[in-house]
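Have a look at the structure below, then the notes.
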Amino acid sequence: MTHSRAVTEVASFRWLGGLHLPGLLGAALLVGCQPPTVEETPPPPAKPPVLFELATNTGLEFEHRSGQFGRLLLPEVMGGGGGWIDYDRDGDLDLYLVQGQYLDPEWREGSPAAGDVLHDRLYRNELVSADPAVAGRLSFTDVTSQSGLTATSGYGMGVAVGDLNNDGWDDLYVTNLGSNQLWLNEGPGPDGTVSFRDATTVTGTDDPRWSTSAAFVDVDHDGWLDLYVVNYVDFEATSDKRCVTETGTPDYCGPRSYQPVTDRLWRNLGLDAQGEVHFEDLSASAGLLEVAGPGLGVVAGDFDGDGQIDLYVANDQAQNHLWLNPDGNGRLREVGLASGSALDSQGRAQASMGIDAGDIDGDGDLDLFMTHLIQEVNTLYLNDGRGLFADRSAATGVGPPSIATTGFGTGLLDVENDGDLDLVVVNGEVRQIPEQRDAGDPFPMKQPNQLFLSDGRNPPTFSDRSQGVPAFADSLVSRGAIVGDVDNDGDSDILVTNLEGRVQLLLNRTGNQAPWLGLELRGRSGRHLLGARAALRVGGQVLSTRWAHSDGGYLTARDPRVLFGLGRDRRPEGSGLEVRIQWPSGVCESWPGLEAGRYHPLTEGSGVSEAC
């Protein structure tokens, strides 16, 4: 049974606090008379600025199906993700969305849902203008059929985006409960149509288990993107378990009812004589087969500052894993407990779902944020620069507001382009909410989403600004939060995927009012150089540090471009702005005099060389 919600066009606002000081009323004092009593009428409140607008009539008609049919199977509550991908290289972000499937064999064969075949979808962005004043200019076209994408091999979960064969065209890896699929982007054909080819078998990158998130990462610095795939638990729909609540009511089981499984790492071997890209399974030699975990999220980055790309995996109700890459050859070492990032400050494993990494406190290294179950608190780990983390969830204010929600998708973004990283968290339960169930809700797990703004200090304090923002007040069963500048206006927008519901596109209408600087970091082949570290400098002083990455979140792939908010720069017009890029190869270059208010394509080897 599918739940749908009517989408209405609504603008979201942030109310400005402050004290109104009324003007003093003068009165003529008459001898022997009392001054007249005057009732003051307070002026109307100032119109608040817009934060996000819920986009409508964009052509994004995608509605997720969980395949539920009464047996309360665990995959039904996990949801589907999606990813931004400029698949046609026209300069704007297109969108790939992952669909569920029917888990019951009879439904898969078309009965009783005859003809109801579920597919993933690819939507082309038809962006005409980045000017938000131009109404109706942002729209999408479903190009799934003409693209050749027929991702129906399993129950859809997530997607990773990256250029695996270094041809300048982004490819897709789709994770499933069941066989995964690798789709190579073939570029434009004779008629100009860009299409994809299923290269799963020829590349040897299938995993028939329950895969969730995935990340493209060059673990051995050879210039070819390798593939890390996160796996969840050993599950078969035909032998599922039965679980009940404390009152005996049937409900969904959790991951502890099943055996966790190991993740997988494939090393990219480059192209053979026929021009096909090939991989070898590096899981055993990397050490992954020695450590199992119910994994849901993954993010790559240099967490210990040694110049090598590491991996952090969020596990559901089990300790999280930090895989360091000390030698840069893909042989990993798991140090989650030793790093302080495997458990919370009380030494407890949490139900980690969504994850992101970024310089949250402005000290130039990668910190971590992740979401958890209701009655747990979302966790912010601050990095000391050496890969040692401290749980600062309570002190920074991100923990307490999350106790009453179950968080899934998350993303770091600079909402106001003031130079500080803020947080979005999308929520939805995994157990039935009694009040919603008793009211007849077909999917009684709905919760509102949350927006946290940073005050920019070190360490920062986050304020929950969800109240008064209608786009974050709708109670849905949200799962993915995909951050990206979909309208190319210089701020970060958010695409929310909802379990048993339509996607929501939240357009940022505040960030572009402040100055900004965008970077598109590519190699000589045209590939996005994921893992590149960008530092924004003025007069030699580093203002902000950002990383190019498309991983993180929950089952999603974000915009790989880098955005710097300049709202607190004393020279907002961009005078003296300079960026320093540390490429994944270890080479460092700088670009002085970049103009604010636009995206700059920067290619490795075209800047001014610097010592790293």
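So you can find residues: chains in the structure tokens are A, B, ... in the order shown, residues in each start at 1, and ligands are numbered from 1 in order.
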I'd like the contact shell of stretch 353-369 of chain A - 7 Å cut-off, only C-alpha atoms, skipping same-chain residues fewer than 2 positions apart - returned as a VMD selection string. chain A and resid 296 to 299 303 314 316 351 371 to 372 379 to 383 385 408 to 412 421 457 to 460 544 to 546 552 to 554
According to DSSP computed on the backbone, where in stretch 360-585 of chain A is there strand (DSSP E or B)? Give the residues as a ChimeraX atom specification. /A:367-370,379-383,389-391,407-413,422-427,447,450-454,462-464,476,478-484,493-498,502,504-508,516-522,528,533-538,541-547,553,556-557,562-565,577-582
A:Ala286, A:Val98, A:Leu182, A:Val542: which is nearest A:Leu332, counting only C-alpha atoms?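 With only C-alpha atoms as the atom set, the closest residue is A:Ala286.
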Show me a table, sorted first by chain and then by increasing residue number, of the residues of stretch 549-602 of chain A having an atom at most 8 Å from stretch 527-540 of chain A, each with its shortest atom pair and the distance in Å to one decimal, counting only C-alpha atoms and written as a tab-separated table.
residue	atom	partner	partner_atom	distance
A:His549	CA	A:Leu530	CA	5.0
A:Ser550	CA	A:Leu530	CA	7.2
A:Pro560	CA	A:Leu530	CA	7.2
A:Val562	CA	A:Ala534	CA	7.9
A:Phe564	CA	A:Leu536	CA	7.6
A:Gly576	CA	A:Val538	CA	5.7
A:Leu577	CA	A:Val538	CA	5.2
A:Glu578	CA	A:Arg537	CA	5.1
A:Val579	CA	A:Leu536	CA	4.6
A:Arg580	CA	A:Ala535	CA	5.1
A:Ile581	CA	A:Ala534	CA	4.6
A:Gln582	CA	A:Arg533	CA	5.1
A:Trp583	CA	A:Ala532	CA	4.7
A:Pro584	CA	A:Ala532	CA	5.4
Considering only C-alpha atoms, can you say which of A:Ala342, A:Val477, A:Val143, A:Leu225 comes closest to A:Val503?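 Smallest distance to A:Val503 is found for A:Val477.
With only C-alpha atoms as the atoms that count, the residue of A:Gly419, A:Pro592, A:Pro400, A:Gly428 with the shortest distance to A:Asn498 is A:Gly428.
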Have a look at A:Arg121, A:Glu276, A:Gln259, A:Val425 and name the one nearest to A:Leu184; count only C-alpha atoms.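 Among the listed residues, the smallest separation from A:Leu184 belongs to A:Glu276.
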Of the candidates A:Ile374, A:Leu288, A:Leu322, A:Val174, which one gets nearest to A:Asp302 if we count only C-alpha atoms?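 So, comparing all the options, the nearest one is A:Leu322.
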Using DSSP on the backbone coordinates, identify all residues within stretch 314-516 of chain A classified as helix (DSSP H, G or I); present the result as a PDB file with C-alpha atoms, in the first residue's frame.
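As written to disk, selection10.pdb reads:
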ATOM      1  CA  GLY A 336      37.821   2.664  15.352  1.00  0.00           C
ATOM      2  CA  LEU A 337      38.124   1.961  19.070  1.00  0.00           C
ATOM      3  CA  ALA A 338      41.633   3.386  19.375  1.00  0.00           C
ATOM      4  CA  SER A 339      40.588   6.562  17.547  1.00  0.00           C
ATOM      5  CA  SER A 393      27.543  15.979  20.696  1.00  0.00           C
ATOM      6  CA  ALA A 394      26.214  17.498  23.915  1.00  0.00           C
ATOM      7  CA  ALA A 395      28.597  20.459  24.057  1.00  0.00           C
ATOM      8  CA  THR A 396      27.853  21.522  20.466  1.00  0.00           C
ATOM      9  CA  PRO A 400      19.700  16.716  22.718  1.00  0.00           C
ATOM     10  CA  PRO A 401      17.328  17.700  19.857  1.00  0.00           C
ATOM     11  CA  SER A 402      17.768  14.240  18.303  1.00  0.00           C
ATOM     12  CA  PRO A 434       1.410   3.498  18.001  1.00  0.00           C
ATOM     13  CA  GLU A 435      -0.595   6.719  17.604  1.00  0.00           C
ATOM     14  CA  GLN A 436      -0.108   6.732  13.833  1.00  0.00           C
ATOM     15  CA  ARG A 437      -0.767   3.002  13.549  1.00  0.00           C
ATOM     16  CA  ASP A 438      -3.973   3.229  15.586  1.00  0.00           C
ATOM     17  CA  PRO A 470       7.658  24.643   7.014  1.00  0.00           C
ATOM     18  CA  ALA A 471       9.855  22.633   4.646  1.00  0.00           C
ATOM     19  CA  PHE A 472      11.311  20.903   7.716  1.00  0.00           C
ATOM     20  CA  GLY A 511      22.863  31.357   0.628  1.00  0.00           C
ATOM     21  CA  ASN A 512      23.091  33.080  -2.747  1.00  0.00           C
ATOM     22  CA  GLN A 513      22.422  36.431  -1.076  1.00  0.00           C
TER      23      GLN A 513
END
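Excluding A:Leu505 itself and same-chain residues fewer than 5 positions from it, the residues having an atom within 10 Å of it are Phe52, Glu53, Leu54, Ala55, Thr56, Thr58, Leu60, Ala471, Ala481, Ile482, Val486, Asp493, Ile494, Leu495, Val496 and Thr497 of chain A, counting only C-alpha atoms.
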Produce a file of the selected residues containing all heavy atoms, as a CSV table (one decimal), in the first residue's frame.
chain,number,residue,atom,x,y,z
A,52,PHE,N,14.5,28.1,2.8
A,52,PHE,CA,14.3,27.1,1.8
A,52,PHE,C,12.9,27.1,1.2
A,52,PHE,O,11.9,27.5,1.9
A,52,PHE,CB,14.5,25.7,2.3
A,52,PHE,CG,16.0,25.3,2.5
A,52,PHE,CD1,16.5,25.6,3.8
A,52,PHE,CD2,16.7,24.8,1.5
A,52,PHE,CE1,17.9,25.3,4.0
A,52,PHE,CE2,18.1,24.5,1.8
A,52,PHE,CZ,18.6,24.7,3.0
A,53,GLU,N,12.8,26.8,-0.1
A,53,GLU,CA,11.5,26.7,-0.8
A,53,GLU,C,11.3,25.3,-1.3
A,53,GLU,O,12.2,24.7,-1.9
A,53,GLU,CB,11.5,27.7,-2.0
A,53,GLU,CG,10.3,27.6,-2.8
A,53,GLU,CD,10.4,28.5,-4.0
A,53,GLU,OE1,11.0,29.6,-3.9
A,53,GLU,OE2,10.0,28.1,-5.1
A,54,LEU,N,10.1,24.8,-1.0
A,54,LEU,CA,9.8,23.5,-1.5
A,54,LEU,C,9.4,23.6,-2.9
A,54,LEU,O,8.3,24.1,-3.3
A,54,LEU,CB,8.6,22.9,-0.7
A,54,LEU,CG,8.2,21.5,-1.0
A,54,LEU,CD1,9.3,20.5,-0.9
A,54,LEU,CD2,7.0,21.1,-0.1
A,55,ALA,N,10.2,23.1,-3.8
A,55,ALA,CA,10.0,23.2,-5.3
A,55,ALA,C,8.9,22.3,-5.7
A,55,ALA,O,8.7,21.2,-5.3
A,55,ALA,CB,11.3,22.9,-6.0
A,56,THR,N,8.0,22.9,-6.6
A,56,THR,CA,6.9,22.1,-7.2
A,56,THR,C,6.9,22.3,-8.7
A,56,THR,O,7.6,23.1,-9.2
A,56,THR,CB,5.6,22.7,-6.6
A,56,THR,OG1,5.5,24.1,-7.0
A,56,THR,CG2,5.5,22.6,-5.1
A,58,THR,N,8.3,20.5,-11.0
A,58,THR,CA,9.6,20.4,-11.6
A,58,THR,C,9.8,19.2,-12.4
A,58,THR,O,10.8,19.0,-13.1
A,58,THR,CB,10.7,20.3,-10.5
A,58,THR,OG1,10.5,19.1,-9.7
A,58,THR,CG2,10.7,21.5,-9.6
A,60,LEU,N,9.8,16.1,-11.2
A,60,LEU,CA,10.2,15.0,-10.3
A,60,LEU,C,9.0,14.3,-9.7
A,60,LEU,O,8.6,14.6,-8.6
A,60,LEU,CB,11.2,15.5,-9.2
A,60,LEU,CG,12.5,16.1,-9.7
A,60,LEU,CD1,13.3,16.6,-8.5
A,60,LEU,CD2,13.3,15.0,-10.4
A,471,ALA,N,9.3,23.7,5.4
A,471,ALA,CA,9.9,22.6,4.6
A,471,ALA,C,10.5,21.6,5.5
A,471,ALA,O,10.7,20.4,5.1
A,471,ALA,CB,10.9,23.2,3.7
A,481,ALA,N,19.2,12.4,2.3
A,481,ALA,CA,19.4,13.9,2.1
A,481,ALA,C,20.6,14.1,1.2
A,481,ALA,O,21.7,13.9,1.6
A,481,ALA,CB,19.6,14.5,3.5
A,482,ILE,N,20.3,14.6,0.0
A,482,ILE,CA,21.4,14.7,-1.0
A,482,ILE,C,21.6,16.2,-1.2
A,482,ILE,O,20.8,16.9,-1.7
A,482,ILE,CB,20.9,14.0,-2.4
A,482,ILE,CG1,20.2,12.7,-2.1
A,482,ILE,CG2,22.2,13.8,-3.2
A,482,ILE,CD1,19.7,12.1,-3.4
A,486,VAL,N,21.7,22.5,-7.2
A,486,VAL,CA,20.9,22.0,-8.3
A,486,VAL,C,20.6,23.1,-9.3
A,486,VAL,O,20.4,22.9,-10.5
A,486,VAL,CB,19.7,21.3,-7.9
A,486,VAL,CG1,18.7,22.3,-7.3
A,486,VAL,CG2,19.0,20.5,-9.0
A,493,ASP,N,21.5,23.2,-2.1
A,493,ASP,CA,20.1,22.8,-2.0
A,493,ASP,C,20.0,21.3,-1.5
A,493,ASP,O,21.1,20.7,-1.3
A,493,ASP,CB,19.4,22.8,-3.4
A,493,ASP,CG,19.6,24.2,-4.1
A,493,ASP,OD1,19.2,25.2,-3.5
A,493,ASP,OD2,20.2,24.2,-5.2
A,494,ILE,N,18.8,20.8,-1.2
A,494,ILE,CA,18.7,19.5,-0.6
A,494,ILE,C,17.6,18.7,-1.3
A,494,ILE,O,16.5,19.2,-1.4
A,494,ILE,CB,18.4,19.6,0.9
A,494,ILE,CG1,19.4,20.5,1.6
A,494,ILE,CG2,18.4,18.2,1.5
A,494,ILE,CD1,19.0,20.9,3.0
A,495,LEU,N,17.9,17.5,-1.7
A,495,LEU,CA,16.9,16.6,-2.3
A,495,LEU,C,16.7,15.5,-1.2
A,495,LEU,O,17.6,14.8,-0.8
A,495,LEU,CB,17.4,16.0,-3.6
A,495,LEU,CG,16.4,15.1,-4.5
A,495,LEU,CD1,16.1,13.8,-3.9
A,495,LEU,CD2,15.2,15.9,-4.8
A,496,VAL,N,15.4,15.4,-0.7
A,496,VAL,CA,15.1,14.4,0.3
A,496,VAL,C,14.3,13.2,-0.3
A,496,VAL,O,13.3,13.4,-1.0
A,496,VAL,CB,14.2,15.1,1.4
A,496,VAL,CG1,13.8,14.0,2.5
A,496,VAL,CG2,14.9,16.3,2.0
A,497,THR,N,14.8,12.0,-0.1
A,497,THR,CA,14.1,10.8,-0.5
A,497,THR,C,13.2,10.3,0.7
A,497,THR,O,13.7,10.3,1.8
A,497,THR,CB,15.0,9.7,-1.0
A,497,THR,OG1,15.8,9.2,0.1
A,497,THR,CG2,15.9,10.2,-2.1
Point-to-point distance from atom CA of A:Asp281 to atom CA of A:Asp198, Å rounded to tenths: 18.9 Å
